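Student: Coordinates in upload-v9.txt, compact mmCIF, C-alpha atoms and all ligand atoms, are listed below.
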# COMPACT_ATOMS: atom_id res chain seq x y z
CA MET A 301 12.85 0.48 6.07
CA PHE A 302 13.72 -1.71 3.11
CA PRO A 303 13.42 0.22 -0.18
CA LYS A 304 10.40 -0.49 -2.38
CA ILE A 305 9.24 -0.24 -5.99
CA TYR A 306 6.75 2.47 -6.91
CA LEU A 307 4.90 2.87 -10.19
CA VAL A 308 4.87 6.07 -12.22
CA ASP A 309 2.51 5.78 -15.16
CA VAL A 310 3.36 7.90 -18.20
CA THR A 311 0.47 6.98 -20.55
CA ASN A 312 -0.74 10.59 -20.51
CA ARG A 313 2.71 11.80 -21.58
CA ASP A 314 4.69 9.13 -23.47
CA GLY A 315 1.50 7.34 -24.58
CA VAL A 316 0.00 10.43 -26.19
CA GLN A 317 3.31 11.31 -27.87
CA THR A 318 3.02 8.10 -29.88
CA ALA A 319 2.70 8.61 -33.63
CA HIS A 320 -0.81 8.03 -35.05
CA LEU A 321 -2.37 8.03 -31.55
CA GLY A 322 -3.95 10.54 -29.20
CA LEU A 323 -6.41 10.98 -26.34
CA THR A 324 -9.08 13.56 -25.59
CA LYS A 325 -8.68 15.55 -22.40
CA LEU A 326 -11.70 13.71 -20.98
CA GLU A 327 -10.02 10.36 -21.73
CA LYS A 328 -6.79 11.56 -20.09
CA THR A 329 -8.80 12.58 -17.03
CA MET A 330 -10.51 9.19 -16.81
CA ILE A 331 -7.08 7.53 -16.97
CA ASN A 332 -5.80 9.65 -14.05
CA ILE A 333 -8.85 8.68 -12.00
CA MET A 334 -8.46 4.98 -12.83
CA LEU A 335 -4.73 5.03 -12.04
CA ASP A 336 -5.57 6.55 -8.65
CA GLU A 337 -8.14 3.82 -8.02
CA MET A 338 -5.54 1.22 -8.95
CA GLY A 339 -3.11 2.62 -6.37
CA VAL A 340 -0.45 3.87 -8.80
CA HIS A 341 1.91 6.34 -7.10
CA GLN A 342 2.09 8.98 -9.83
CA SER A 343 0.62 9.89 -13.18
CA GLU A 344 2.71 11.98 -15.52
CA PHE A 345 -0.42 13.79 -16.60
CA GLY A 346 0.83 16.01 -19.41
CA PHE A 347 2.71 19.02 -20.69
CA PRO A 348 2.20 22.25 -18.71
CA THR A 349 3.88 24.38 -21.38
CA THR A 350 1.58 23.13 -24.15
CA ARG A 351 -1.29 25.58 -24.57
CA HIS A 352 -4.04 23.05 -25.33
CA GLU A 353 -3.16 21.04 -22.19
CA SER A 354 -3.37 23.81 -19.62
CA ARG A 355 -7.14 23.80 -19.00
CA TYR A 356 -7.06 20.01 -18.66
CA LEU A 357 -4.12 20.12 -16.25
CA ARG A 358 -5.73 22.85 -14.12
CA ALA A 359 -9.05 20.98 -14.12
CA ASN A 360 -7.36 17.77 -12.93
CA LEU A 361 -5.59 19.61 -10.10
CA GLU A 362 -8.99 21.10 -9.21
CA LEU A 363 -10.53 17.60 -9.17
CA GLN A 364 -7.80 16.58 -6.76
CA ARG A 365 -8.55 19.60 -4.56
CA MET A 366 -12.20 18.47 -4.53
CA GLY A 367 -11.13 15.08 -3.17
CA VAL A 368 -11.42 13.13 -6.42
CA MET A 369 -8.30 10.94 -6.97
CA PRO A 370 -6.96 11.70 -3.50
CA ASN A 371 -3.81 9.59 -3.50
CA ILE A 372 -2.10 9.88 -6.86
CA ARG A 373 0.57 12.48 -7.54
CA LEU A 374 -0.03 14.44 -10.75
CA ALA A 375 3.27 15.49 -12.29
CA GLY A 376 3.94 17.56 -15.40
CA TRP A 377 6.74 17.04 -17.91
CA VAL A 378 8.84 19.98 -19.11
CA ARG A 379 12.23 20.50 -20.69
CA ALA A 380 14.89 21.19 -18.07
CA ILE A 381 15.32 24.85 -18.89
CA ALA A 382 14.36 27.81 -16.70
CA GLU A 383 12.00 29.35 -19.32
CA ASP A 384 9.91 26.17 -19.51
CA VAL A 385 9.56 25.97 -15.75
CA GLU A 386 8.49 29.63 -15.59
CA LEU A 387 5.96 29.09 -18.38
CA ALA A 388 4.64 25.93 -16.69
CA PHE A 389 3.86 27.88 -13.50
CA LYS A 390 2.31 30.71 -15.50
CA MET A 391 -0.05 28.35 -17.32
CA VAL A 392 -0.71 25.90 -14.46
CA PRO A 393 -0.05 27.90 -11.27
CA ASN A 394 -1.09 25.15 -8.83
CA ILE A 395 1.18 22.48 -10.21
CA LYS A 396 3.22 20.87 -7.43
CA SER A 397 5.26 18.18 -9.20
CA LEU A 398 7.45 18.50 -12.24
CA ASN A 399 9.81 16.26 -14.16
CA LEU A 400 12.58 18.24 -15.80
CA SER A 401 14.02 16.50 -18.83
CA ILE A 402 17.25 16.97 -20.75
CA SER A 403 19.45 14.75 -22.93
CA THR A 404 22.74 13.68 -21.39
CA SER A 405 24.43 11.42 -23.95
CA GLU A 406 27.35 12.31 -26.21
CA GLN A 407 25.19 11.10 -29.12
CA MET A 408 22.62 13.82 -28.37
CA ILE A 409 25.27 16.48 -27.68
CA GLN A 410 26.77 15.81 -31.12
CA GLY A 411 23.73 14.56 -33.02
CA LYS A 412 20.94 16.76 -31.66
CA TRP A 413 22.67 19.91 -30.46
CA GLN A 414 25.40 19.50 -33.07
CA GLY A 415 27.99 20.44 -30.48
CA ARG A 416 26.28 23.75 -29.51
CA LYS A 417 25.92 22.51 -25.92
CA THR A 418 28.61 20.95 -23.75
CA PHE A 419 27.91 18.55 -20.90
CA ASP A 420 28.58 21.42 -18.46
CA ASP A 421 25.88 23.48 -20.25
CA ILE A 422 23.45 20.60 -19.74
CA ILE A 423 24.16 20.51 -16.01
CA GLY A 424 23.85 24.32 -15.94
CA ASP A 425 20.43 24.27 -17.67
CA MET A 426 19.12 21.49 -15.44
CA THR A 427 20.27 23.03 -12.13
CA GLN A 428 18.90 26.45 -13.12
CA ALA A 429 15.57 24.86 -14.03
CA ALA A 430 15.49 23.02 -10.68
CA ASP A 431 16.27 26.26 -8.80
CA VAL A 432 13.43 28.09 -10.57
CA ALA A 433 11.02 25.21 -9.91
CA LYS A 434 11.87 25.29 -6.20
CA LYS A 435 11.48 29.07 -6.05
CA LEU A 436 8.06 28.89 -7.74
CA GLY A 437 6.73 26.38 -5.20
CA CYS A 438 7.36 23.00 -6.77
CA GLU A 439 7.16 20.39 -3.99
CA SER A 440 8.51 17.43 -5.92
CA ILE A 441 11.18 17.83 -8.56
CA GLY A 442 12.25 14.85 -10.62
CA VAL A 443 15.12 15.18 -13.04
CA ASN A 444 15.26 13.08 -16.22
CA ALA A 445 18.47 12.07 -17.96
CA GLU A 446 17.24 11.44 -21.49
CA ASP A 447 19.25 8.79 -23.34
CA ALA A 448 20.90 7.83 -20.04
CA SER A 449 21.63 4.32 -21.34
CA ARG A 450 24.03 5.82 -23.89
CA THR A 451 25.56 8.24 -21.36
CA ASP A 452 28.90 7.71 -19.67
CA LEU A 453 28.40 6.55 -16.05
CA ASP A 454 30.64 9.21 -14.48
CA ARG A 455 28.65 11.90 -16.28
CA LEU A 456 25.38 10.41 -15.05
CA VAL A 457 26.72 10.44 -11.50
CA ARG A 458 27.72 14.10 -11.84
CA PHE A 459 24.29 14.89 -13.30
CA GLY A 460 22.52 13.09 -10.45
CA GLN A 461 24.66 14.70 -7.75
CA ALA A 462 24.01 18.16 -9.21
CA ALA A 463 20.26 17.44 -9.37
CA LYS A 464 20.28 16.32 -5.75
CA ALA A 465 22.23 19.40 -4.63
CA HIS A 466 19.59 21.57 -6.33
CA GLY A 467 16.63 19.98 -4.57
CA ALA A 468 15.58 17.14 -6.89
CA VAL A 469 14.05 14.14 -5.14
CA ARG A 470 14.49 11.56 -7.91
CA LEU A 471 16.72 10.84 -10.87
CA ARG A 472 15.04 9.32 -13.90
CA TYR A 473 17.29 6.98 -15.88
CA CYS A 474 15.79 6.99 -19.38
CA ASP A 475 16.55 4.05 -21.61
CA THR A 476 15.10 6.22 -24.33
CA LEU A 477 15.89 3.88 -27.22
CA GLY A 478 15.35 0.58 -25.42
CA TYR A 479 19.08 -0.10 -25.72
CA ASP A 480 19.71 -1.65 -22.29
CA ASN A 481 19.27 -5.30 -21.41
CA PRO A 482 18.43 -6.55 -17.90
CA PHE A 483 22.11 -7.19 -17.08
CA THR A 484 23.47 -3.79 -18.16
CA ILE A 485 20.67 -1.73 -16.60
CA TYR A 486 21.01 -3.61 -13.32
CA GLU A 487 24.73 -2.80 -13.06
CA THR A 488 24.37 0.84 -14.08
CA VAL A 489 21.38 1.67 -11.90
CA LYS A 490 22.91 -0.06 -8.87
CA LEU A 491 26.08 2.02 -9.21
CA LEU A 492 24.05 5.17 -9.75
CA ALA A 493 21.95 4.54 -6.65
CA GLU A 494 25.09 3.92 -4.58
CA ARG A 495 27.07 6.87 -5.90
CA VAL A 496 24.28 9.48 -6.13
CA GLY A 497 22.35 8.34 -3.06
CA MET A 498 18.86 9.19 -4.24
CA PRO A 499 15.85 7.18 -5.49
CA ILE A 500 16.13 6.14 -9.14
CA GLU A 501 13.38 5.96 -11.70
CA VAL A 502 13.74 3.71 -14.72
CA HIS A 503 12.08 4.60 -18.00
CA CYS A 504 12.41 1.71 -20.43
CA HIS A 505 11.32 1.19 -24.02
CA GLY A 506 10.57 -1.95 -25.98
CA ASP A 507 12.68 -1.58 -29.11
CA LEU A 508 14.44 -4.87 -28.33
CA GLY A 509 11.41 -6.49 -26.70
CA MET A 510 12.72 -6.12 -23.16
CA ALA A 511 10.91 -3.11 -21.63
CA VAL A 512 9.36 -5.01 -18.71
CA ALA A 513 12.50 -7.12 -18.12
CA THR A 514 14.80 -4.08 -18.09
CA SER A 515 12.36 -2.22 -15.83
CA ILE A 516 12.37 -4.85 -13.10
CA ALA A 517 16.13 -5.41 -13.45
CA GLY A 518 16.67 -1.65 -13.12
CA ALA A 519 14.39 -1.55 -10.08
CA LYS A 520 16.38 -4.38 -8.50
CA GLY A 521 19.56 -2.38 -9.18
CA ALA A 522 18.19 0.70 -7.38
CA ILE A 523 17.09 -1.36 -4.37
CA ASP A 524 20.33 -3.34 -4.18
CA GLY A 525 22.04 0.06 -4.31
CA GLY A 526 20.05 1.05 -1.21
CA GLN A 527 17.43 3.30 -2.79
CA ASP A 528 13.73 3.23 -3.62
CA ALA A 529 12.98 2.34 -7.24
CA TYR A 530 10.34 3.89 -9.48
CA ILE A 531 9.24 2.18 -12.69
CA ASN A 532 7.72 4.16 -15.55
CA THR A 533 4.85 2.29 -17.16
CA THR A 534 2.14 2.86 -19.73
CA ILE A 535 -1.22 1.13 -19.95
CA ASN A 536 -1.14 -1.66 -22.55
CA GLY A 537 2.49 -0.67 -23.18
CA ILE A 538 1.45 2.11 -25.57
CA GLY A 539 4.30 4.56 -26.10
CA GLU A 540 6.73 5.91 -28.63
CA ARG A 541 7.80 3.45 -31.36
CA ALA A 542 7.73 -0.10 -29.90
CA GLY A 543 6.22 1.25 -26.69
CA ASN A 544 7.01 1.39 -22.98
CA ALA A 545 6.90 -1.11 -20.12
CA ASP A 546 3.29 -2.26 -19.77
CA LEU A 547 1.72 -1.39 -16.41
CA VAL A 548 -0.08 -4.69 -15.82
CA SER A 549 2.90 -6.78 -17.02
CA CYS A 550 5.20 -4.93 -14.60
CA VAL A 551 2.88 -5.62 -11.67
CA LEU A 552 2.68 -9.29 -12.68
CA ALA A 553 6.45 -9.56 -13.20
CA ILE A 554 7.18 -8.01 -9.80
CA THR A 555 4.61 -9.98 -7.83
CA LYS A 556 4.45 -13.33 -9.67
CA SER A 557 7.88 -14.08 -11.13
CA LYS A 558 10.21 -16.60 -9.58
CA ASN A 559 11.72 -15.46 -6.28
CA PHE A 560 11.39 -11.74 -7.09
CA GLY A 561 8.49 -10.40 -5.04
CA GLU A 562 9.66 -11.76 -1.70
CA LYS A 563 12.48 -9.24 -1.50
CA TYR A 564 11.54 -6.58 -4.06
CA ARG A 565 8.13 -5.33 -3.05
CA LEU A 566 5.69 -2.90 -4.53
CA GLY A 567 5.18 0.25 -2.51
CA GLY A 568 1.61 1.44 -2.00
CA ASP A 569 -1.46 -0.70 -2.32
CA ILE A 570 -1.64 -1.77 -5.98
CA LYS A 571 -5.05 -3.17 -6.84
CA LEU A 572 -4.39 -5.71 -9.56
CA HIS A 573 -8.13 -6.39 -9.85
CA LYS A 574 -8.45 -3.01 -11.60
CA ALA A 575 -6.20 -4.25 -14.44
CA TRP A 576 -8.97 -5.42 -16.77
CA GLU A 577 -11.00 -2.22 -16.41
CA ILE A 578 -8.10 0.14 -17.08
CA ALA A 579 -6.72 -1.95 -19.98
CA LYS A 580 -10.14 -2.08 -21.67
CA PHE A 581 -10.67 1.66 -21.19
CA VAL A 582 -7.31 2.45 -22.81
CA GLU A 583 -8.04 0.01 -25.64
CA TYR A 584 -11.22 1.99 -26.31
CA ALA A 585 -9.61 5.41 -25.82
CA PHE A 586 -6.60 4.89 -28.12
CA GLY A 587 -8.61 2.67 -30.47
CA VAL A 588 -5.76 0.13 -30.32
CA PRO A 589 -6.92 -3.46 -29.70
CA ILE A 590 -5.22 -5.35 -26.86
CA PRO A 591 -3.16 -8.14 -28.49
CA ILE A 592 -4.72 -11.54 -27.78
CA ASN A 593 -1.49 -12.68 -26.10
CA GLN A 594 -1.04 -9.54 -23.93
CA PRO A 595 -0.02 -10.66 -20.39
CA GLY A 596 -2.97 -10.80 -18.01
CA VAL A 597 -5.49 -8.93 -20.13
CA GLY A 598 -5.19 -10.54 -23.59
CA ALA A 599 -8.14 -12.61 -24.81
CA ASN A 600 -6.06 -15.80 -24.88
CA CYS A 601 -4.41 -15.49 -21.44
CA PHE A 602 -6.78 -17.96 -19.84
CA ALA A 603 -7.87 -19.89 -22.95
CA HIS A 604 -6.89 -23.54 -23.35
CA ALA A 605 -7.59 -25.66 -26.40
CA SER A 606 -5.14 -28.52 -26.54
CA GLY A 607 -6.31 -31.74 -24.91
CA ILE A 608 -3.52 -32.08 -22.37
CA HIS A 609 -3.69 -28.44 -21.24
CA ALA A 610 -7.49 -28.31 -21.07
CA ASP A 611 -7.59 -31.51 -19.05
CA GLY A 612 -4.83 -30.25 -16.77
CA VAL A 613 -6.32 -26.81 -16.11
CA LEU A 614 -9.75 -28.32 -15.41
CA LYS A 615 -8.23 -30.63 -12.80
CA ASP A 616 -6.21 -27.84 -11.20
CA PRO A 617 -5.82 -24.34 -12.79
CA GLN A 618 -2.31 -24.11 -11.32
CA ASN A 619 -1.23 -26.88 -13.70
CA TYR A 620 -1.20 -24.40 -16.59
CA GLU A 621 -1.91 -20.91 -15.16
CA LEU A 622 0.47 -18.83 -13.04
CA TYR A 623 -2.31 -16.64 -11.66
CA GLY A 624 -6.09 -16.56 -11.70
CA TYR A 625 -8.20 -14.43 -14.05
CA GLU A 626 -10.21 -13.15 -11.08
CA GLU A 627 -7.09 -11.44 -9.73
CA LEU A 628 -7.12 -9.15 -12.77
CA GLY A 629 -10.79 -8.31 -12.44
CA ARG A 630 -11.79 -10.68 -15.26
CA GLY A 631 -14.61 -13.17 -15.31
CA GLU A 632 -17.65 -10.89 -15.18
CA PRO A 633 -19.83 -11.33 -18.28
CA THR A 634 -20.05 -8.14 -20.40
CA PHE A 635 -23.29 -6.90 -21.88
CA VAL A 636 -23.43 -6.35 -25.63
CA GLU A 637 -26.57 -4.84 -27.18
CA THR A 638 -27.73 -6.97 -30.08
CA GLY A 639 -31.12 -5.35 -30.66
CA ARG A 640 -32.27 -1.74 -30.79
CA GLU A 641 -29.68 0.69 -29.51
CA ILE A 642 -30.05 4.32 -28.55
CA CYS A 643 -26.67 6.01 -28.06
CA ALA A 644 -25.57 9.49 -27.11
CA GLY A 645 -23.82 11.32 -29.94
CA GLU A 646 -22.98 14.81 -31.11
CA TYR A 647 -26.52 15.34 -32.48
CA SER A 648 -28.46 13.65 -29.63
CA GLY A 649 -31.69 15.05 -28.22
CA ILE A 650 -32.82 15.11 -24.59
CA SER A 651 -35.27 12.20 -24.79
CA GLY A 652 -32.73 9.74 -26.23
CA PHE A 653 -30.12 10.98 -23.76
CA ARG A 654 -32.46 10.48 -20.77
CA HIS A 655 -33.00 6.92 -22.03
CA VAL A 656 -29.24 6.23 -22.29
CA MET A 657 -28.57 7.56 -18.79
CA GLY A 658 -31.62 5.78 -17.38
CA LYS A 659 -30.19 2.45 -18.55
CA MET A 660 -27.15 3.22 -16.37
CA SER A 661 -29.46 4.19 -13.50
CA VAL A 662 -28.31 7.81 -13.69
CA GLU A 663 -31.09 10.33 -13.11
CA LEU A 664 -30.62 13.57 -15.03
CA PRO A 665 -31.67 16.74 -13.20
CA ALA A 666 -35.43 17.32 -13.43
CA ALA A 667 -34.94 20.96 -14.40
CA LYS A 668 -34.89 21.03 -18.20
CA ASP A 669 -32.15 23.63 -18.55
CA LYS A 670 -29.82 21.70 -16.20
CA ALA A 671 -30.39 18.44 -18.10
CA ASN A 672 -29.85 20.22 -21.41
CA GLU A 673 -26.59 21.65 -20.12
CA ILE A 674 -25.28 18.13 -19.46
CA LEU A 675 -26.49 16.92 -22.85
CA GLU A 676 -24.66 19.83 -24.48
CA LEU A 677 -21.43 18.77 -22.75
CA VAL A 678 -21.93 15.17 -23.88
CA ARG A 679 -22.41 16.38 -27.46
CA TYR A 680 -19.16 18.32 -27.32
CA ALA A 681 -17.35 15.33 -25.81
CA ASN A 682 -18.59 13.25 -28.74
CA VAL A 683 -17.31 15.84 -31.19
CA GLN A 684 -13.84 15.48 -29.67
CA ALA A 685 -13.85 11.69 -29.28
CA HIS A 686 -15.37 10.79 -32.69
CA LYS A 687 -16.94 7.75 -31.04
CA PRO A 688 -19.77 7.04 -28.61
CA LEU A 689 -18.66 7.73 -25.04
CA VAL A 690 -18.44 4.89 -22.55
CA GLU A 691 -20.33 4.65 -19.28
CA GLU A 692 -17.48 5.95 -17.10
CA GLU A 693 -17.23 9.12 -19.20
CA LEU A 694 -20.98 9.76 -19.24
CA ARG A 695 -21.16 9.32 -15.48
CA PHE A 696 -18.22 11.69 -15.03
CA ILE A 697 -19.83 14.43 -17.12
CA CYS A 698 -23.08 14.12 -15.13
CA GLN A 699 -21.24 14.24 -11.83
CA TYR A 700 -18.77 17.04 -12.61
CA PRO A 701 -20.32 19.20 -15.36
CA ALA A 702 -18.24 22.29 -14.52
CA ILE A 703 -14.98 20.34 -14.75
CA ALA A 704 -16.16 18.59 -17.93
CA LYS A 705 -16.78 22.02 -19.46
CA GLU A 706 -13.18 23.01 -18.72
CA LEU A 707 -11.88 19.79 -20.28
CA LEU A 708 -13.91 20.36 -23.42
CA THR A 709 -12.99 24.01 -23.90
CA MET A 710 -10.46 24.56 -26.66
CA ILE A 711 -9.62 28.16 -27.46
CA PRO A 712 -6.51 28.61 -29.61
CA LEU A 713 -4.38 31.66 -28.76
CA GLU A 714 -6.30 32.84 -25.71
ZN ZN A 801 9.85 7.45 -23.42
Show me this structure written as structure tokens.
Tutor:
Amino acid sequence: MFPKIYLVDVTNRDGVQTAHLGLTKLEKTMINIMLDEMGVHQSEFGFPTTRHESRYLRANLELQRMGVMPNIRLAGWVRAIAEDVELAFKMVPNIKSLNLSISTSEQMIQGKWQGRKTFDDIIGDMTQAADVAKKLGCESIGVNAEDASRTDLDRLVRFGQAAKAHGAVRLRYCDTLGYDNPFTIYETVKLLAERVGMPIEVHCHGDLGMAVATSIAGAKGAIDGGQDAYINTTINGIGERAGNADLVSCVLAITKSKNFGEKYRLGGDIKLHKAWEIAKFVEYAFGVPIPINQPGVGANCFAHASGIHADGVLKDPQNYELYGYEELGRGEPTFVETGREICAGEYSGISGFRHVMGKMSVELPAAKDKANEILELVRYANVQAHKPLVEEELRFICQYPAIAKELLTMIPLE
């Protein structure tokens, strides 16, 4: 079978590491569910060694056991050292997928570890971590070469071969600083795929404005090297510094750009019509407006003002649009309340809350104590979000109150 391109979204890991930004555990959960609905292969859903994440991670694995988000793979991110892997399994015993990350470049050996680690030590740490992960029941081990784009190719090959020999299923090539361009990443990833002989993931950043371009060039390299490609994305491109490769832009670039999609195909069934919904949810959750010129989901993507363009697009949209707005799930009018508004907040009472849910056609349980229990959860969710919840979140809390309770529980130093 001809190799394909799969999407691994890292919004819930790289996105939340971004300075000045964060997500509640309920928001992270909604993102996992929406990514599953969109057909994304994997969500890097968080940090199993971070204490305040563990209830959320366990609750999301429980949701999956219950049949919610049936298709997506939920993978945790840990440092590639044996202690972290052991701690991850202690805190999240049912975790089945891990990405083990360690820096591989000479810059990091000298600049970060100040020469305390050699490259052989790095391979030793990573292979030990992979062995422990396997022993503890990890079904899918990915190994990340951090700062791979500034790492010598022969070293990367050695790193990848060692990872493969110790049971890893994928090698993540991290262009941690956004240093690659489409030409360099293509060459390197192609050689890596050929010489290591395992699927390659590309993790690209936008410091030079090329995250999406380097991602698809890297994916082409992996496939031309005979291996499946995995692209790391984030929703709306939110990620450290200048951000990561935007999920929707990557799908558009792969499927709509000149002569690309005929040979280099997306694996799985990606539902582009979910793009608008997920982008708007993440805009709300991070509180970061989508730029008006954001590919596909920006306010101006299908707006035409100049005479020649407006005339042309009215005669035939293909004159000035590469793809239709309907394909992204746009075009439905949205409802904005301009009169009296009752919202659910951290000090809401049951009568107002029944009204809010009634407007969404959600019946609260008739039993007063059951309805009050849900209201109490909604109040706590508001305390954490500092903003009125959106419909998807309110529906989720009503449908899965026990899971919502887990997501909202924060006990330092249990
Ligand atoms: Zn990153």
Student: Using all atoms listed in the file, which residues have at least one atom no more than 8 Å from ligand ZN 801 (chain A)? Output them as a PDB file with C-alpha atoms, in the coordinates of the input.
Tutor:
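What landed in part37.pdb:
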ATOM      1  CA  ASP A 314       4.690   9.130 -23.470  1.00  0.00           C
ATOM      2  CA  CYS A 474      15.790   6.990 -19.380  1.00  0.00           C
ATOM      3  CA  ASP A 475      16.550   4.050 -21.610  1.00  0.00           C
ATOM      4  CA  THR A 476      15.100   6.220 -24.330  1.00  0.00           C
ATOM      5  CA  LEU A 477      15.890   3.880 -27.220  1.00  0.00           C
ATOM      6  CA  HIS A 503      12.080   4.600 -18.000  1.00  0.00           C
ATOM      7  CA  CYS A 504      12.410   1.710 -20.430  1.00  0.00           C
ATOM      8  CA  HIS A 505      11.320   1.190 -24.020  1.00  0.00           C
ATOM      9  CA  GLY A 539       4.300   4.560 -26.100  1.00  0.00           C
ATOM     10  CA  GLU A 540       6.730   5.910 -28.630  1.00  0.00           C
ATOM     11  CA  GLY A 543       6.220   1.250 -26.690  1.00  0.00           C
ATOM     12  CA  ASN A 544       7.010   1.390 -22.980  1.00  0.00           C
TER      13      ASN A 544
END
Student: So the first atom is atom CA of A:Ala513 and the second is atom CA of A:Ala529; what is the distance between them in Å, to one decimal place?
Tutor: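 Pair atom CA of A:Ala513 / atom CA of A:Ala529 returns 14.4 Å.
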Student: With a distance cut-off of 12 Å and all atoms listed in the file, select the neighbouring residues of A:Gly598, excluding the residue or stretch itself and same-chain residues fewer than 4 positions from it, and output the selection as a ChimeraX atom specification.
Tutor: /A:536,548-549,575-576,579-580,583,589-594,602-603,625,628,630
Student: Please identify all polymer residues within 7 Å of stretch 428-443 of chain A, counting only C-alpha atoms, omitting same-chain residues fewer than 5 positions from it, and present them as a list of chain:residue names.
Tutor: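 Result of the neighbour search: A:Ala380, A:Ile381, A:Ala382, A:Val385, A:Lys396, A:Ser397, A:Leu398, A:Asn399, A:Leu400, A:Ser401, A:Ala463, A:His466, A:Gly467, A:Ala468, A:Val469, A:Arg470, A:Leu471, A:Arg472.
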Student: Just the residues within 10 Å of A:Thr534, please, counting all atoms listed in the file, with nothing from its chain fewer than 3 positions along; format it as a PyMOL selection string.
Tutor: chain A and resi 307-315+343+537-539+543-548+550+582
Student: Please, which residues in stretch 309-362 of chain A fall within 10 Å of stretch 690-701 of chain A when counting only C-alpha atoms, and what is the closest atom pair and distance in Å to one decimal for each, ordered by chain then residue number, as CSV?
Tutor:
residue,atom,partner,partner_atom,distance
A:Leu326,CA,A:Glu693,CA,7.4
A:Glu327,CA,A:Glu693,CA,7.7
A:Thr329,CA,A:Glu693,CA,9.4
A:Met330,CA,A:Glu693,CA,7.1
Student: Please produce a file of the residues just selected, as an mmCIF file, in the coordinates of the input, where the atoms kept are C-alpha atoms.
Tutor:
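The file below, again19.cif, is the result:
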data_model
loop_
_atom_site.group_PDB
_atom_site.id
_atom_site.type_symbol
_atom_site.label_atom_id
_atom_site.label_comp_id
_atom_site.auth_asym_id
_atom_site.auth_seq_id
_atom_site.Cartn_x
_atom_site.Cartn_y
_atom_site.Cartn_z
ATOM 1 C CA LEU A 326 -11.700 13.710 -20.980
ATOM 2 C CA GLU A 327 -10.020 10.360 -21.730
ATOM 3 C CA THR A 329 -8.800 12.580 -17.030
ATOM 4 C CA MET A 330 -10.510 9.190 -16.810
#
Student: Would you compute the distance between atom CA of A:Met369 and atom CA of A:Ala445? Give it in Å to one decimal.
Tutor: 29.0 Å
Student: Taking (-2.3, 29.8, -17.2) as a centre in this file's frame and 10 Å as the limit, can you find every polymer residue with an atom that close, using all atoms listed in the file, and give them as a PDB file with C-alpha atoms, keeping the file's coordinate frame?
Tutor:
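The resulting file, out.pdb, is reproduced below:
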ATOM      1  CA  PRO A 348       2.200  22.250 -18.710  1.00  0.00           C
ATOM      2  CA  THR A 349       3.880  24.380 -21.380  1.00  0.00           C
ATOM      3  CA  ARG A 351      -1.290  25.580 -24.570  1.00  0.00           C
ATOM      4  CA  SER A 354      -3.370  23.810 -19.620  1.00  0.00           C
ATOM      5  CA  ARG A 355      -7.140  23.800 -19.000  1.00  0.00           C
ATOM      6  CA  LEU A 357      -4.120  20.120 -16.250  1.00  0.00           C
ATOM      7  CA  ARG A 358      -5.730  22.850 -14.120  1.00  0.00           C
ATOM      8  CA  LEU A 387       5.960  29.090 -18.380  1.00  0.00           C
ATOM      9  CA  ALA A 388       4.640  25.930 -16.690  1.00  0.00           C
ATOM     10  CA  PHE A 389       3.860  27.880 -13.500  1.00  0.00           C
ATOM     11  CA  LYS A 390       2.310  30.710 -15.500  1.00  0.00           C
ATOM     12  CA  MET A 391      -0.050  28.350 -17.320  1.00  0.00           C
ATOM     13  CA  VAL A 392      -0.710  25.900 -14.460  1.00  0.00           C
ATOM     14  CA  PRO A 393      -0.050  27.900 -11.270  1.00  0.00           C
ATOM     15  CA  ASN A 394      -1.090  25.150  -8.830  1.00  0.00           C
ATOM     16  CA  GLU A 714      -6.300  32.840 -25.710  1.00  0.00           C
TER      17      GLU A 714
END
Student: I'd like the interatomic distance between atom CA of A:Gly525 and atom CA of A:Gln461, to a tenth of an Å.
Tutor: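 Those two atoms sit 15.3 Å apart.
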Student: Just the residues within 10 Å of A:Pro370, please, counting all atoms listed in the file, with nothing from its chain fewer than 4 positions along; format it as a list of chain:residue names.
Tutor: A:Ile333, A:Asp336, A:Glu337, A:Leu363, A:Gln364, A:Arg365, A:Met366
Student: May I have the residues within 12 Å of stretch 452-459 of chain A as JSON, numbers by chain, using only C-alpha atoms and disregarding those fewer than 4 positions away in the same chain?
Tutor: {"A": [401, 402, 403, 404, 405, 406, 407, 418, 419, 420, 421, 422, 423, 424, 425, 426, 427, 443, 444, 445, 446, 447, 448, 463, 464, 465, 466, 468, 470, 471, 472, 473, 474, 484, 485, 487, 488, 489, 490, 491, 492, 493, 494, 495, 496, 497, 498, 500]}
Student: Step by step, gather every atom of stretch 445-461 of chain A that the file lists, find the box along x, y and z that holds them, add 5 Å on each side, and finally give centre and edge lengths in Å to one decimal, as AutoDock Vina command-line options.
Tutor:
--center_x 23.9 --center_y 9.6 --center_z -15.8 --size_x 23.4 --size_y 20.6 --size_z 26.1
